[in-house]
Amino acid sequence: MDWTEFFDTQTGRPPRSVLTRALEHRALEHRALEHRALEIATGAPPAPPAPPAPPAMAIDLGCGEGAETRHLLTAGWTVHAVDADPGSEARVREGLGPEEQARLTFHRARFEELPELPPADLVYAGFSLPFCDPAAFPDLWARIRGTLQPGAWFAGEFFGPHDDWAGRADMNFHDRGQVDALLAGLHVVGLVEDDRPGRSAFGPRHWHLFHVIAHTPAPRQDERPVCG
Ligand SMILES: C[S@@+](CC[C@H](N)C(=O)[O-])C[C@H]1O[C@@H](n2cnc3c(N)ncnc32)[C@H](O)[C@@H]1O
């Protein structure tokens, strides 16, 4: 599949809300955890607000034109961006300064042959995982789960069986029960099912999507270092 035309339609758009909402949730949970950790360390609730969640290591799977990778880099994250399309890397790097470039590792790779990836604090996969070969998907998902550190976040989409593309042999689709099974053991803070006629970048289509925001259990309070 040649994604050039799709990338052209994406140039200049804001980062997708499933990512920005996940970052907001992460910031809120981090604040609550820091408060709790300070409380344990000092024996009293802290008066000043907890520090913001620091940017850390993110993986953007199927980063495409790169809006989300650039958003994360601008916010201070170190990012491993993965995409199989030969046109992706140049698009992702466009407009980045040297300091952001230094925090970006681009892997031109297929999900089916994913390279070694670092332990991550965030895995973002926007509208991309459904394009993995169904036979390779269980291994890909196991790899994703394996990269998530304690307290790390996942944000992205799965496609459901009512989607216009359902039945394509080279894509994977999951119904609600299967999505729940994929997310077992994660704290799900957002799971929105969208099953409706709509539009894609190329015209009308029926979408059946699951927008997911979830995280792994946080490390135990008494095991966390107190920041400061
Ligand atoms: C619909 S686009 C989504 C791009 C971006 N995440 C976004 O939200 O706009 C799907 C992306 O996944 C990439 N992709 C599709 N199949 C892939 C595969 N098997 N391995 C790696 N990347 C793949 C495509 O090159 C494309 O950039």
# chains A, B, ... in the order shown; residues from 1 in each chain; ligands from 1
$ select_by_dssp --residues "range 88-226 of chain A" --states "strand (DSSP E)" --output "JSON, numbers by chain"
{"A": [104, 105, 106, 107, 108, 120, 121, 122, 123, 124, 125, 148, 149, 150, 151, 152, 153, 154, 155, 156, 157, 158, 159, 187, 188, 189, 190, 191, 192, 193, 194, 195, 196, 197, 198, 199, 200, 203, 204, 205, 206, 207, 208, 209, 210, 211, 212, 213, 214, 215]}
$ write_last_selection --atoms "C-alpha atoms" --output "PDB file, in the first residue's frame"
ATOM      1  CA  LEU A 104      14.217  10.738  17.484  1.00  0.00           C
ATOM      2  CA  THR A 105      15.105   7.253  16.287  1.00  0.00           C
ATOM      3  CA  PHE A 106      13.251   6.274  13.144  1.00  0.00           C
ATOM      4  CA  HIS A 107      12.850   2.602  12.262  1.00  0.00           C
ATOM      5  CA  ARG A 108      11.719   1.848   8.735  1.00  0.00           C
ATOM      6  CA  ALA A 120       8.634   2.555  26.948  1.00  0.00           C
ATOM      7  CA  ASP A 121       6.565   4.915  29.090  1.00  0.00           C
ATOM      8  CA  LEU A 122       4.101   5.412  26.240  1.00  0.00           C
ATOM      9  CA  VAL A 123       3.199   3.407  23.139  1.00  0.00           C
ATOM     10  CA  TYR A 124       1.056   5.279  20.667  1.00  0.00           C
ATOM     11  CA  ALA A 125      -0.433   3.425  17.680  1.00  0.00           C
ATOM     12  CA  LEU A 148       5.304  -1.137  28.531  1.00  0.00           C
ATOM     13  CA  GLN A 149       7.033  -0.315  31.805  1.00  0.00           C
ATOM     14  CA  PRO A 150       5.093  -0.285  35.108  1.00  0.00           C
ATOM     15  CA  GLY A 151       2.809   2.755  34.915  1.00  0.00           C
ATOM     16  CA  ALA A 152       3.302   3.117  31.132  1.00  0.00           C
ATOM     17  CA  TRP A 153       0.532   4.190  28.766  1.00  0.00           C
ATOM     18  CA  PHE A 154      -0.953   2.794  25.563  1.00  0.00           C
ATOM     19  CA  ALA A 155      -3.080   4.927  23.240  1.00  0.00           C
ATOM     20  CA  GLY A 156      -4.407   3.962  19.845  1.00  0.00           C
ATOM     21  CA  GLU A 157      -7.076   2.299  17.764  1.00  0.00           C
ATOM     22  CA  PHE A 158      -8.337  -1.153  16.872  1.00  0.00           C
ATOM     23  CA  PHE A 159     -10.780  -1.723  14.011  1.00  0.00           C
ATOM     24  CA  HIS A 187      -6.129  -0.036  33.662  1.00  0.00           C
ATOM     25  CA  VAL A 188      -8.442   1.172  30.906  1.00  0.00           C
ATOM     26  CA  VAL A 189      -9.200   4.866  31.315  1.00  0.00           C
ATOM     27  CA  GLY A 190     -10.753   5.321  27.861  1.00  0.00           C
ATOM     28  CA  LEU A 191     -12.468   2.826  25.568  1.00  0.00           C
ATOM     29  CA  VAL A 192     -14.748   4.489  23.040  1.00  0.00           C
ATOM     30  CA  GLU A 193     -16.479   2.410  20.366  1.00  0.00           C
ATOM     31  CA  ASP A 194     -17.316   4.279  17.169  1.00  0.00           C
ATOM     32  CA  ASP A 195     -19.588   2.296  14.822  1.00  0.00           C
ATOM     33  CA  ARG A 196     -21.016   4.736  12.337  1.00  0.00           C
ATOM     34  CA  PRO A 197     -20.959   6.077   8.818  1.00  0.00           C
ATOM     35  CA  GLY A 198     -18.384   8.826   8.431  1.00  0.00           C
ATOM     36  CA  ARG A 199     -15.570  10.032   6.231  1.00  0.00           C
ATOM     37  CA  SER A 200     -11.941   9.123   5.709  1.00  0.00           C
ATOM     38  CA  GLY A 203     -14.380  10.008   1.096  1.00  0.00           C
ATOM     39  CA  PRO A 204     -17.355   8.382   2.820  1.00  0.00           C
ATOM     40  CA  ARG A 205     -16.826   5.102   4.650  1.00  0.00           C
ATOM     41  CA  HIS A 206     -18.245   3.122   7.559  1.00  0.00           C
ATOM     42  CA  TRP A 207     -15.960   3.275  10.605  1.00  0.00           C
ATOM     43  CA  HIS A 208     -15.921   0.699  13.339  1.00  0.00           C
ATOM     44  CA  LEU A 209     -13.229   1.810  15.720  1.00  0.00           C
ATOM     45  CA  PHE A 210     -12.176   1.280  19.304  1.00  0.00           C
ATOM     46  CA  HIS A 211     -10.245   4.275  20.652  1.00  0.00           C
ATOM     47  CA  VAL A 212      -8.208   3.045  23.593  1.00  0.00           C
ATOM     48  CA  ILE A 213      -6.342   4.778  26.409  1.00  0.00           C
ATOM     49  CA  ALA A 214      -4.912   2.443  29.034  1.00  0.00           C
ATOM     50  CA  HIS A 215      -1.928   1.990  31.279  1.00  0.00           C
TER      51      HIS A 215
END
$ select_by_dssp --residues "chain A" --states "alpha helix (DSSP H)" --output "NGL selection string"
:A and (4-10 or 17-42 or 67-74 or 88-93 or 98-102 or 137-147 or 176-182)
$ closest_residue --among "A:Asp60, A:Glu39, A:Asp170, A:Glu68" --to "Met1 in chain A" --atoms "only C-alpha atoms"
A:Asp170
$ atom_distance --atom1 "CA of His30 in chain A" --atom2 "CA of Arg103 in chain A"
22.7 Å
$ atom_distance --atom1 "CA of Ala201 in chain A" --atom2 "CA of Glu5 in chain A"
9.2 Å
$ residues_near_ligand --ligand "ligand 1" --cutoff "7 Å" --atoms "only C-alpha atoms and all ligand atoms" --output "list in words"
Trp3, Gln10, Arg16, Leu61, Gly62, Cys63, Gly64, Glu65, Gly66, Val82, Asp83, Ala84, Asp85, Ser88, Ala109, Arg110, Phe111, Glu112, Ala125, Gly126, Phe127, Ser128, Phe131, Cys132 and Asp133 of chain A
$ closest_residue --among "A:Leu96, A:Leu114, A:Ala184, A:Ile59" --to "Leu19 in chain A" --atoms "only C-alpha atoms"
A:Ile59
$ closest_residue --among "A:Ile40, A:Ala53, A:Ala81, A:Leu72" --to "Arg26 in chain A" --atoms "only C-alpha atoms"
A:Ala53
$ residues_around --residues "His71 in chain A" --least-positions-apart "2" --cutoff "10 Å" --atoms "only C-alpha atoms" --output "PyMOL selection string"
chain A and resi 14-16+19-20+66-69+73-77
$ atom_distance --atom1 "CA of His174 in chain A" --atom2 "CA of Trp141 in chain A"
12.6 Å
